[in-house]
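Each remark here refers to the structure printed beneath this line.
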Amino acid sequence: MNIVQIIGVEGVPIVKAGDNIAELICRAAEKQGTPVQDGDIIVVTHVVVSRAEGRIVNLSEVVPSAFAKNVAELYGKDPALVEVVLREARSIRRMADGKIITETRHGFVCANSGVDKSNVPGENYVALLPEDPDESARKIRSEIKRLTGCDVAVIISDTHGRPFREGEINVAVGVSGIKPIRDRRGEKDLFGYVLRVKQTAVADELASAAELVIGQADEGVPAAIIRGYKFIKSEDAKATELVRPREKDLFV
């Protein structure tokens with residue numbers, strides 16, 4: 001029987017710039033009786049990674065451009081916040097009904113360039129996506145290996161909306177040690193039919209599964225351990241493998 005566990009890592013203190021996230025997670029996991037093991041998948045929210053890496057902006061110190069002011073007035077938004085969103089964007093995909101959908105410099109298409117106000121201490125502060133989420137995941141994974149001797153995979157997650165579906169889910173914006181897509185083309189289904197288009201976004205599925213426990217406790221749960229899932233290892237995988245190329249996008 002294949003059993004997959006999702007374990008929220010509780011007791012992690014509020015992360016500040018310069019903190020060692022891997023050490024905080026390992027210590028908290030040990031304290032709650034679920035120490036990190038070989039083969040675990042560690043899912044970490046991007047906000048705590050951004051806080052540790054100093055990717056926090058004080059909106060009071062942002063000088064908005066004329067374009068940001070115009071957009072803010074049009075949609076009833078904070079001009080400083082719009083300016084930060086525009087700075088983090090490679091391009092603007094859509095603006096309508098008060099929403100700004102951008103393509104980030106990483107290549108992700110999402111609302112507000114992934115700029116996040118939730119779980120950031122201070123009314124006027126926002127968190128940006130990590131500069132290089134895959135590198136952030138790699139560093140956390142390497143540090144966990146140094147601290148525990150365990151070989152794990154790491155996923156950095158963020159909340160995204162979905163076209164044609166209500167509600168949000170968590171997706172992978174950074175990965176290390178895990179192939180983000182399982183290519184099942186060529187396999188046979190239950191009735192012997194050869195699969196021709198089946199590619200499973202396992203990193204996104206795991207990020208969403210972790211969100212079921214992340215953030216649920218009063219003190220906040222910034223990370224989760226997924227245990228028992230047999231993933232395909234990869235040393236050079238990138239989360240951008242999950243991004244559909246623009247030329248294949250039917251809804252550009």
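Simple scheme: letters A, B, ... for chains in structure tokens order, numbers from 1 for residues in each chain, numbers from 1 for ligands in the order shown.
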Residue contacts of segment 171-180 of chain A (7 Å, only C-alpha atoms) excluding same-chain residues fewer than 6 positions away, as a list in words:
Pro133, Asp134, Ala137, Arg138, Arg141, Val152, Ala153, Val154, Ile155, Ile156, Ser157, Asp158, Thr159, His160, Ala201, Val202, Ala203, Asp204, Ala207, Ser208, Phe231, Ile232, Lys233, Ser234, Glu235, Ala237, Lys238 and Ala239 of chain A
Filtered DSSP result for segment 30-241 of chain A, state strand (DSSP E), as a VMD selection string:
chain A and resid 41 to 45 56 to 58 89 to 96 99 to 104 109 to 111 125 to 127 153 to 162 165 to 176 182 to 183 199 to 200 223 to 227
Long-range neighbours of segment 106-123 of chain A as a PDB file with C-alpha atoms, in the first residue's frame, 9 Å cut-off, only C-alpha atoms, 2 positions minimum in chain:
```pdb
ATOM      1  CA  ILE A  14       8.694  34.641  12.255  1.00  0.00           C
ATOM      2  CA  VAL A  47       6.928  34.566   1.474  1.00  0.00           C
ATOM      3  CA  VAL A  48       9.229  33.152   4.152  1.00  0.00           C
ATOM      4  CA  ARG A  51      11.677  37.480   3.979  1.00  0.00           C
ATOM      5  CA  ILE A  56      10.704  42.953   1.179  1.00  0.00           C
ATOM      6  CA  ASN A  58       8.429  49.312   2.128  1.00  0.00           C
ATOM      7  CA  LEU A  81       1.970  48.968  -4.987  1.00  0.00           C
ATOM      8  CA  VAL A  82       1.284  49.290  -8.717  1.00  0.00           C
ATOM      9  CA  VAL A  84       6.312  47.617  -7.457  1.00  0.00           C
ATOM     10  CA  VAL A  85       4.144  45.260  -9.541  1.00  0.00           C
ATOM     11  CA  LEU A  86       5.323  46.950 -12.751  1.00  0.00           C
ATOM     12  CA  ARG A  87       8.969  46.822 -11.697  1.00  0.00           C
ATOM     13  CA  GLU A  88       8.709  43.065 -11.143  1.00  0.00           C
ATOM     14  CA  ALA A  89       7.026  42.465 -14.513  1.00  0.00           C
ATOM     15  CA  ARG A  90       8.582  41.514 -17.821  1.00  0.00           C
ATOM     16  CA  ARG A  93      -0.625  40.425 -20.127  1.00  0.00           C
ATOM     17  CA  LYS A  99      -6.791  43.174 -11.864  1.00  0.00           C
ATOM     18  CA  ILE A 100      -3.267  43.323 -13.268  1.00  0.00           C
ATOM     19  CA  ILE A 101      -2.021  40.093 -14.831  1.00  0.00           C
ATOM     20  CA  THR A 102       1.680  40.193 -15.625  1.00  0.00           C
ATOM     21  CA  GLU A 103       4.493  37.984 -16.796  1.00  0.00           C
ATOM     22  CA  THR A 104       7.236  38.122 -14.196  1.00  0.00           C
ATOM     23  CA  TYR A 125       5.385  46.163   3.437  1.00  0.00           C
ATOM     24  CA  VAL A 126       5.084  43.641   0.606  1.00  0.00           C
ATOM     25  CA  ALA A 127       7.062  40.551  -0.361  1.00  0.00           C
ATOM     26  CA  LEU A 128       8.443  40.026  -3.842  1.00  0.00           C
ATOM     27  CA  LEU A 129       9.100  36.635  -5.370  1.00  0.00           C
ATOM     28  CA  GLU A 131      15.160  36.660  -7.241  1.00  0.00           C
ATOM     29  CA  ASP A 132      15.913  33.082  -8.336  1.00  0.00           C
ATOM     30  CA  PRO A 133      13.449  30.636  -6.717  1.00  0.00           C
ATOM     31  CA  ASP A 158       3.111  30.468  -4.283  1.00  0.00           C
ATOM     32  CA  THR A 159      -0.633  31.007  -4.568  1.00  0.00           C
ATOM     33  CA  HIS A 160      -1.964  31.389  -8.114  1.00  0.00           C
ATOM     34  CA  GLY A 161      -5.390  31.762  -9.637  1.00  0.00           C
ATOM     35  CA  ARG A 162      -6.459  29.631 -12.620  1.00  0.00           C
ATOM     36  CA  VAL A 173       7.797  28.592  -8.391  1.00  0.00           C
ATOM     37  CA  GLY A 220       1.296  29.951  11.010  1.00  0.00           C
ATOM     38  CA  THR A 240       9.987  27.203 -15.402  1.00  0.00           C
ATOM     39  CA  VAL A 243       5.431  27.298 -17.825  1.00  0.00           C
TER      40      VAL A 243
END
```
One decimal, Å: what's the distance from atom CA of Val43 of chain A over to atom CA of Ala17 of chain A, could you say?
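Atom-to-atom, atom CA of Val43 of chain A to atom CA of Ala17 of chain A, that is 19.4 Å.
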Among listed residues A:Ser142, A:Asn124, A:Gln5, A:Ser91, nearest Thr34 of chain A (using only C-alpha atoms):
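Under the stated criterion, the closest residue is A:Gln5.
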Of the candidates A:Ile42, A:Asp97, A:Leu250, A:Tyr229, which one gets nearest to Met1 of chain A if we count only C-alpha atoms?
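The closest residue to Met1 of chain A is A:Tyr229.
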May I ask for the distance between atom CA of Val9 of chain A and atom CA of Ala29 of chain A, given in Å to one decimal place?
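Atom-to-atom, atom CA of Val9 of chain A and atom CA of Ala29 of chain A are spaced 5.7 Å apart.
Near segment 72-78 of chain A, within 10 Å and counting only C-alpha atoms, sit Leu59, Pro64, Ala66, Phe67, Ala68, Lys69, Asn70, Ala80, Leu81, Val82, Glu83, Met95, Ala96, Asp97, Gly98, Lys99 and Ile100 of chain A, not including residues fewer than 2 positions from it in the same chain.
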For those residues, write C-alpha atoms to a file as a PDB file, in the first residue's frame.
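Saved file selection.pdb follows:
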```pdb
ATOM      1  CA  LEU A  59       5.735  50.934  -0.001  1.00  0.00           C
ATOM      2  CA  PRO A  64       5.465  55.710  -8.336  1.00  0.00           C
ATOM      3  CA  ALA A  66       3.285  58.572 -13.924  1.00  0.00           C
ATOM      4  CA  PHE A  67       2.106  55.333 -15.569  1.00  0.00           C
ATOM      5  CA  ALA A  68       1.737  53.618 -12.183  1.00  0.00           C
ATOM      6  CA  LYS A  69      -0.297  56.587 -10.930  1.00  0.00           C
ATOM      7  CA  ASN A  70      -2.594  56.386 -13.953  1.00  0.00           C
ATOM      8  CA  ALA A  80       3.230  52.556  -4.821  1.00  0.00           C
ATOM      9  CA  LEU A  81       1.970  48.968  -4.987  1.00  0.00           C
ATOM     10  CA  VAL A  82       1.284  49.290  -8.717  1.00  0.00           C
ATOM     11  CA  GLU A  83       4.798  50.645  -9.213  1.00  0.00           C
ATOM     12  CA  MET A  95      -5.513  44.677 -17.117  1.00  0.00           C
ATOM     13  CA  ALA A  96      -9.266  44.578 -16.457  1.00  0.00           C
ATOM     14  CA  ASP A  97     -11.781  44.783 -13.608  1.00  0.00           C
ATOM     15  CA  GLY A  98      -9.162  46.065 -11.203  1.00  0.00           C
ATOM     16  CA  LYS A  99      -6.791  43.174 -11.864  1.00  0.00           C
ATOM     17  CA  ILE A 100      -3.267  43.323 -13.268  1.00  0.00           C
TER      18      ILE A 100
END
```
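Compared by their closest atoms to Val213 of chain A, and using only C-alpha atoms, the residues A:Val71, A:Ile225, A:Ile41, A:Ser60 rank with A:Ile225 nearest.
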Determine which residues of segment 70-219 of chain A receive a DSSP assignment of alpha helix (DSSP H), computed from the backbone, and state them as an MDAnalysis selection string.
chainID A and resid 70:75 79:87 133:148 202:211
Could you tell me how far atom CA of Ala22 of chain A lies from atom CA of Glu143 of chain A, in Å and to one decimal?
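About the pair atom CA of Ala22 of chain A and atom CA of Glu143 of chain A: they are 6.0 Å apart.
Distances here use only C-alpha atoms; by that measure, the residue among A:Ile25, A:Val44, A:Ala210, A:Val62 closest to Ile6 of chain A is A:Ala210.
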If you count only C-alpha atoms, the residue of A:Ala52, A:Leu206, A:Leu212, A:Val36 closest to Pro13 of chain A turns out to be A:Ala52
